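Q: Structure provided below as structure tokens; questions to follow.
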Amino acid sequence: MSPETTTPSARQTELLDAAYRYALEHGLADLSLRPLAAAIGSSPRVLMFLFGNKDGLVRALLAKARSDELTMLDRLGQDAGAEPIGLPAAVERVWEWLAAEEHRPLLRLWTEAYARSLVEPDGAWAGFARSTVDDWLAVLASCQPQPERDREAGAVRRTAALAVLRGALLDLLATDDRQRVTAAVRHQLAALSSDAAT
């Protein structure tokens, strides 16, 4: 099976899920096929057959991480109902999810992939950072009322909101000081709410 196959086999899906759990625990920086294969009950040869090579497997793992991220962001849009919830409410909901302890493994993996795509823009990491920025901005835009969404000021506000979320996430992952970082996010939310009112 080639890595370009659109419908993965059950075995490929099973091994990708197992490799993803492994990557969440161990990261991707020093990923080596032999220890990974041993940990998930496979062999390097099977992984090479199913994913083409190590880069193919890394690309599949990054796609799964991005899919998990998009699932969370899609839920935000679904909760909104017929009317957009507005940028401050969207930022508050996203931050609640980002700050939850159980999401730290995914967020560490996401941060590692984001940074690697900036310093190693070719190969398996190519485009990851840019794609996630586009994903998040699109979801934040969908939470803005139509008149705000379409104005240049609306694009500036959602970019500022994304910058607050990303910066706060990096701070939280580095310090684990949820109380302080959440207070800073709430401070910025007040500024976003006041901008919306003017």
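Chains: A, B, ... in order of the structure tokens. Residues: from 1 per chain. Ligands: from 1, in order shown.
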If you count only C-alpha atoms, which residues fall within 10 Å of range 179-185 of chain A, apart from same-chain ones fewer than 5 positions away, as a list of chain:residue names?
A: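 Near neighbours after the sequence-gap exclusion: A:Val91, A:Glu92, A:Trp95, A:Glu96, A:Ala99, A:Ala161, A:Val164, A:Leu165, A:Gly167, A:Ala168, A:Leu169, A:Leu170, A:Asp171, A:Leu172, A:Ala190, A:Ala191.
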Q: Would you mind exporting the chosen residues as a CSV table (one decimal), in the first residue's frame, restricted to all heavy atoms?
A:
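Everything below was put into out-v1.csv:
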```csv
chain,number,residue,atom,x,y,z
A,91,VAL,N,-12.6,32.9,22.2
A,91,VAL,CA,-11.3,32.8,22.8
A,91,VAL,C,-11.4,32.2,24.2
A,91,VAL,O,-10.6,31.3,24.6
A,91,VAL,CB,-10.7,34.2,22.9
A,91,VAL,CG1,-9.4,34.2,23.8
A,91,VAL,CG2,-10.3,34.8,21.5
A,92,GLU,N,-12.5,32.5,24.9
A,92,GLU,CA,-12.6,31.9,26.2
A,92,GLU,C,-12.8,30.4,26.2
A,92,GLU,O,-12.2,29.7,26.9
A,92,GLU,CB,-13.9,32.6,26.9
A,92,GLU,CG,-14.0,32.1,28.4
A,92,GLU,CD,-15.1,32.9,29.1
A,92,GLU,OE1,-15.9,33.6,28.4
A,92,GLU,OE2,-15.1,32.8,30.3
A,95,TRP,N,-9.5,28.8,25.1
A,95,TRP,CA,-8.6,28.7,26.2
A,95,TRP,C,-8.9,27.7,27.2
A,95,TRP,O,-8.0,27.0,27.8
A,95,TRP,CB,-8.4,30.1,26.9
A,95,TRP,CG,-7.4,30.0,28.0
A,95,TRP,CD1,-7.7,30.1,29.3
A,95,TRP,CD2,-6.0,29.7,27.9
A,95,TRP,NE1,-6.5,29.9,30.0
A,95,TRP,CE2,-5.5,29.7,29.2
A,95,TRP,CE3,-5.2,29.5,26.8
A,95,TRP,CZ2,-4.2,29.4,29.4
A,95,TRP,CZ3,-3.9,29.2,27.0
A,95,TRP,CH2,-3.4,29.2,28.3
A,96,GLU,N,-10.2,27.5,27.6
A,96,GLU,CA,-10.6,26.5,28.5
A,96,GLU,C,-10.1,25.1,28.0
A,96,GLU,O,-9.6,24.3,28.8
A,96,GLU,CB,-12.1,26.4,28.7
A,96,GLU,CG,-12.7,27.6,29.5
A,96,GLU,CD,-14.2,27.6,29.5
A,96,GLU,OE1,-14.8,26.5,29.1
A,96,GLU,OE2,-14.8,28.6,29.9
A,99,ALA,N,-6.1,25.0,28.2
A,99,ALA,CA,-5.6,25.0,29.5
A,99,ALA,C,-5.8,23.7,30.3
A,99,ALA,O,-5.2,23.4,31.3
A,99,ALA,CB,-6.2,26.1,30.3
A,161,ALA,N,-6.4,37.9,18.7
A,161,ALA,CA,-6.9,36.8,19.5
A,161,ALA,C,-6.0,35.5,19.4
A,161,ALA,O,-5.7,34.9,20.4
A,161,ALA,CB,-8.3,36.5,19.2
A,164,VAL,N,-2.8,36.0,21.3
A,164,VAL,CA,-2.9,35.8,22.7
A,164,VAL,C,-3.0,34.3,23.0
A,164,VAL,O,-2.3,33.8,24.0
A,164,VAL,CB,-4.2,36.5,23.2
A,164,VAL,CG1,-4.6,36.1,24.6
A,164,VAL,CG2,-4.0,38.0,23.1
A,165,LEU,N,-3.8,33.6,22.3
A,165,LEU,CA,-4.0,32.1,22.6
A,165,LEU,C,-2.6,31.4,22.4
A,165,LEU,O,-2.3,30.6,23.3
A,165,LEU,CB,-5.0,31.5,21.7
A,165,LEU,CG,-6.5,31.9,22.0
A,165,LEU,CD1,-7.4,31.5,20.9
A,165,LEU,CD2,-6.9,31.3,23.3
A,167,GLY,N,0.5,32.6,22.4
A,167,GLY,CA,1.5,33.0,23.4
A,167,GLY,C,1.2,32.5,24.8
A,167,GLY,O,2.0,32.0,25.5
A,168,ALA,N,-0.1,32.5,25.2
A,168,ALA,CA,-0.5,31.9,26.5
A,168,ALA,C,-0.3,30.4,26.5
A,168,ALA,O,0.2,29.9,27.5
A,168,ALA,CB,-2.0,32.2,26.7
A,169,LEU,N,-0.5,29.7,25.4
A,169,LEU,CA,-0.3,28.3,25.4
A,169,LEU,C,1.2,28.0,25.6
A,169,LEU,O,1.6,27.1,26.4
A,169,LEU,CB,-0.7,27.7,24.0
A,169,LEU,CG,-0.4,26.3,23.8
A,169,LEU,CD1,-1.0,25.3,24.9
A,169,LEU,CD2,-0.8,25.8,22.4
A,170,LEU,N,2.1,28.7,24.9
A,170,LEU,CA,3.5,28.5,25.1
A,170,LEU,C,3.9,28.7,26.5
A,170,LEU,O,4.7,28.0,27.1
A,170,LEU,CB,4.3,29.3,24.1
A,170,LEU,CG,4.2,29.0,22.6
A,170,LEU,CD1,4.9,30.0,21.8
A,170,LEU,CD2,4.7,27.6,22.4
A,171,ASP,N,3.4,29.8,27.1
A,171,ASP,CA,3.7,30.2,28.5
A,171,ASP,C,3.3,29.1,29.4
A,171,ASP,O,4.0,28.6,30.3
A,171,ASP,CB,3.1,31.5,28.8
A,171,ASP,CG,3.5,32.1,30.2
A,171,ASP,OD1,3.9,31.3,31.1
A,171,ASP,OD2,3.5,33.3,30.3
A,172,LEU,N,2.0,28.6,29.2
A,172,LEU,CA,1.5,27.5,30.1
A,172,LEU,C,2.3,26.3,30.0
A,172,LEU,O,2.6,25.6,31.0
A,172,LEU,CB,0.0,27.3,29.7
A,172,LEU,CG,-0.7,26.2,30.5
A,172,LEU,CD1,-0.8,26.6,32.0
A,172,LEU,CD2,-2.0,25.9,29.9
A,190,ALA,N,-11.1,41.0,28.1
A,190,ALA,CA,-11.7,42.3,28.4
A,190,ALA,C,-11.4,43.3,27.3
A,190,ALA,O,-12.3,44.1,26.9
A,190,ALA,CB,-11.3,42.8,29.8
A,191,ALA,N,-10.2,43.3,26.9
A,191,ALA,CA,-9.8,44.3,25.8
A,191,ALA,C,-10.6,44.0,24.5
A,191,ALA,O,-11.1,44.8,23.8
A,191,ALA,CB,-8.3,44.3,25.6
```
Q: Between range 109-163 of chain A and range 10-29 of chain A, at 12 Å or less, what are the per-residue closest atom pairs and their distances in Å? Count only C-alpha atoms, order by chain and rising residue number, and return it as a Markdown table.
A:
```
| residue | atom | partner | partner_atom | distance |
| --- | --- | --- | --- | --- |
| A:Leu109 | CA | A:Gly27 | CA | 5.9 |
| A:Trp110 | CA | A:Leu24 | CA | 9.3 |
| A:Thr111 | CA | A:Gly27 | CA | 10.1 |
| A:Glu112 | CA | A:Leu28 | CA | 7.5 |
| A:Ala113 | CA | A:Leu28 | CA | 7.8 |
| A:Tyr114 | CA | A:Leu28 | CA | 11.5 |
| A:Ala115 | CA | A:Ala29 | CA | 10.7 |
| A:Arg116 | CA | A:Ala29 | CA | 8.6 |
| A:Ser117 | CA | A:Ala29 | CA | 11.8 |
| A:Glu120 | CA | A:Ala29 | CA | 11.7 |
| A:Ala124 | CA | A:Leu28 | CA | 11.1 |
| A:Trp125 | CA | A:Leu28 | CA | 10.7 |
```
Q: Any chance you can output those residues with N, CA, C and O atoms as a tab-separated table (two decimals), in the first residue's frame?
A:
```tsv
chain	number	residue	atom	x	y	z
A	109	LEU	N	2.96	18.04	21.44
A	109	LEU	CA	3.24	17.51	20.11
A	109	LEU	C	3.00	18.58	19.05
A	109	LEU	O	3.81	18.78	18.14
A	110	TRP	N	1.89	19.30	19.18
A	110	TRP	CA	1.57	20.37	18.23
A	110	TRP	C	2.67	21.43	18.25
A	110	TRP	O	3.12	21.89	17.20
A	111	THR	N	3.12	21.83	19.46
A	111	THR	CA	4.16	22.86	19.59
A	111	THR	C	5.46	22.41	18.95
A	111	THR	O	6.14	23.17	18.25
A	112	GLU	N	5.81	21.15	19.18
A	112	GLU	CA	7.03	20.61	18.58
A	112	GLU	C	6.94	20.64	17.06
A	112	GLU	O	7.87	21.07	16.37
A	113	ALA	N	5.81	20.20	16.52
A	113	ALA	CA	5.63	20.18	15.07
A	113	ALA	C	5.61	21.59	14.49
A	113	ALA	O	6.19	21.84	13.42
A	114	TYR	N	4.99	22.51	15.18
A	114	TYR	CA	4.93	23.91	14.74
A	114	TYR	C	6.35	24.48	14.64
A	114	TYR	O	6.73	25.07	13.62
A	115	ALA	N	7.12	24.30	15.71
A	115	ALA	CA	8.50	24.82	15.73
A	115	ALA	C	9.36	24.15	14.66
A	115	ALA	O	10.13	24.82	13.95
A	116	ARG	N	9.24	22.84	14.52
A	116	ARG	CA	10.05	22.13	13.52
A	116	ARG	C	9.72	22.60	12.10
A	116	ARG	O	10.60	22.70	11.25
A	117	SER	N	8.44	22.90	11.85
A	117	SER	CA	8.09	23.33	10.50
A	117	SER	C	8.65	24.72	10.19
A	117	SER	O	8.82	25.07	9.03
A	120	GLU	N	12.71	23.73	9.97
A	120	GLU	CA	12.96	22.73	8.93
A	120	GLU	C	11.78	22.75	7.97
A	120	GLU	O	10.93	21.85	8.00
A	124	ALA	N	8.93	16.36	5.96
A	124	ALA	CA	7.71	15.94	6.65
A	124	ALA	C	7.00	17.09	7.35
A	124	ALA	O	5.78	17.05	7.52
A	125	TRP	N	7.74	18.12	7.75
A	125	TRP	CA	7.15	19.21	8.54
A	125	TRP	C	6.56	20.31	7.66
A	125	TRP	O	5.93	21.23	8.17
```
Q: Report, in Å with one decimal, the straight-line distance from CA of Ser32 in chain A to CA of Lys64 in chain A.
A: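 We find that CA of Ser32 in chain A and CA of Lys64 in chain A lie 18.4 Å from each other.
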Q: From the options A:Leu57, A:Leu31, A:Leu107, A:Ala39, which residue's atoms come nearest to Ala174 in chain A, counting only C-alpha atoms?
A: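 Smallest separation from Ala174 in chain A among the options: A:Leu107.
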Q: For CA of Leu162 in chain A and CA of Val133 in chain A, determine how far apart the two atoms are, in Å to one decimal place.
A: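 Value for the CA of Leu162 in chain A-CA of Val133 in chain A distance: 8.2 Å.
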Q: One decimal, in Å: what's the spacing between CA of Asp122 in chain A and CA of Leu61 in chain A?
A: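 Computing the Euclidean distance for CA of Asp122 in chain A and CA of Leu61 in chain A yields 16.2 Å.
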Q: Using only C-alpha atoms, find the one residue out of A:Pro8, A:Pro35, A:Pro88, A:Pro105 that sits nearest to Leu50 in chain A.
A: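 Going through A:Pro8, A:Pro35, A:Pro88, A:Pro105 one by one, the smallest distance to Leu50 in chain A is for A:Pro8.
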Q: Quick one: DSSP alpha helix (DSSP H) residues in range 22-179 of chain A, as a ChimeraX atom specification?
A: /A:22-26,33-40,44-51,54-79,87-99,104-119,128-142,146-149,152-175,178-179
Q: Counting only C-alpha atoms, which of A:Ser142, A:Thr7, A:Thr132, A:Ser43 gets nearest to Asp68 in chain A?
A: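 Of the candidates, the smallest distance to Asp68 in chain A is held by A:Thr132.
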Q: Which residues are near Gly86 in chain A? Cut-off 8 Å, only C-alpha atoms, ignore same chain within fewer than 3 positions. Put them as an mmCIF file with N, CA, C and O atoms, in the first residue's frame.
A:
```
data_model
loop_
_atom_site.group_PDB
_atom_site.id
_atom_site.type_symbol
_atom_site.label_atom_id
_atom_site.label_comp_id
_atom_site.auth_asym_id
_atom_site.auth_seq_id
_atom_site.Cartn_x
_atom_site.Cartn_y
_atom_site.Cartn_z
ATOM 1 N N ALA A 89 -16.067 35.257 23.342
ATOM 2 C CA ALA A 89 -16.579 33.959 23.795
ATOM 3 C C ALA A 89 -15.792 32.819 23.156
ATOM 4 O O ALA A 89 -15.502 31.803 23.803
ATOM 5 N N ALA A 90 -15.417 32.980 21.886
ATOM 6 C CA ALA A 90 -14.639 31.947 21.203
ATOM 7 C C ALA A 90 -13.283 31.777 21.874
ATOM 8 O O ALA A 90 -12.829 30.657 22.134
ATOM 9 N N CYS A 143 -16.634 32.609 14.078
ATOM 10 C CA CYS A 143 -17.267 32.982 15.349
ATOM 11 C C CYS A 143 -17.600 34.472 15.414
ATOM 12 O O CYS A 143 -18.287 34.913 16.331
ATOM 13 N N GLN A 144 -17.100 35.239 14.456
ATOM 14 C CA GLN A 144 -17.372 36.670 14.425
ATOM 15 C C GLN A 144 -18.667 36.950 13.665
ATOM 16 O O GLN A 144 -18.951 36.292 12.659
ATOM 17 N N PRO A 145 -19.452 37.930 14.117
ATOM 18 C CA PRO A 145 -20.616 38.341 13.328
ATOM 19 C C PRO A 145 -20.181 38.798 11.938
ATOM 20 O O PRO A 145 -19.086 39.342 11.773
#
```
Q: Kindly indicate which residue among A:Leu33, A:Gln146, A:Leu87, A:Leu173 lies nearest to His103 in chain A, using only C-alpha atoms for the distances.
A: A:Leu173
Q: Give me the residues near Arg34 in chain A as a list in words, where near means some atom within 12 Å (using only C-alpha atoms) and where sequence neighbours in that chain fewer than 4 positions away do not count.
A: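 Counting only the stated atoms, we get Ala19, Asp30, Ala38, Ala39, Ile40, Gly41, Ser42, Ser43, Pro44, Arg45, Val46, Leu47, Met48 and Lys54 of chain A.
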Q: Generate the output file for the selected residues, N, CA and C atoms, as a short mmCIF file (atom, residue, chain, number, x, y, z; two decimals), in the first residue's frame.
A:
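Output below, filename result03.cif:
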```cif
data_model
loop_
_atom_site.label_atom_id
_atom_site.label_comp_id
_atom_site.auth_asym_id
_atom_site.auth_seq_id
_atom_site.Cartn_x
_atom_site.Cartn_y
_atom_site.Cartn_z
N ALA A 19 0.99 4.52 16.98
CA ALA A 19 2.16 5.39 16.81
C ALA A 19 1.85 6.80 17.32
N ASP A 30 13.07 12.80 18.31
CA ASP A 30 14.01 11.68 18.22
C ASP A 30 13.32 10.39 17.78
N ALA A 38 8.78 -1.58 18.00
CA ALA A 38 8.77 -2.50 19.13
C ALA A 38 7.70 -2.11 20.14
N ALA A 39 7.54 -0.81 20.38
CA ALA A 39 6.56 -0.33 21.37
C ALA A 39 5.13 -0.56 20.93
N ILE A 40 4.89 -0.57 19.62
CA ILE A 40 3.50 -0.70 19.16
C ILE A 40 3.19 -2.07 18.57
N GLY A 41 4.11 -3.01 18.73
CA GLY A 41 3.85 -4.37 18.28
C GLY A 41 3.92 -4.56 16.78
N SER A 42 4.88 -3.90 16.15
CA SER A 42 5.04 -4.02 14.71
C SER A 42 6.52 -4.20 14.40
N SER A 43 6.89 -3.90 13.18
CA SER A 43 8.29 -3.96 12.79
C SER A 43 8.59 -2.76 11.89
N PRO A 44 9.86 -2.34 11.83
CA PRO A 44 10.19 -1.22 10.93
C PRO A 44 9.79 -1.51 9.48
N ARG A 45 9.93 -2.76 9.07
CA ARG A 45 9.59 -3.11 7.69
C ARG A 45 8.10 -2.91 7.40
N VAL A 46 7.25 -3.28 8.35
CA VAL A 46 5.80 -3.09 8.16
C VAL A 46 5.47 -1.61 8.12
N LEU A 47 6.09 -0.83 9.01
CA LEU A 47 5.83 0.61 9.02
C LEU A 47 6.28 1.25 7.72
N MET A 48 7.44 0.81 7.19
CA MET A 48 7.92 1.33 5.91
C MET A 48 6.95 0.95 4.78
N LYS A 54 10.10 6.98 6.99
CA LYS A 54 9.90 7.67 8.27
C LYS A 54 9.19 9.02 8.06
#
```
Q: Go through A:Ala163, A:Leu106, A:Leu189, A:Ala60 one by one, measure the shortest atom-to-atom distance of each to Arg93 in chain A using only C-alpha atoms, and give the residue with the smallest value.
A: A:Leu189
Q: Under the rule that only C-alpha atoms are counted, which of A:Ile85, A:Ala155, A:Asp177, A:Arg104 is the nearest residue to Asp134 in chain A?
A: A:Ala155
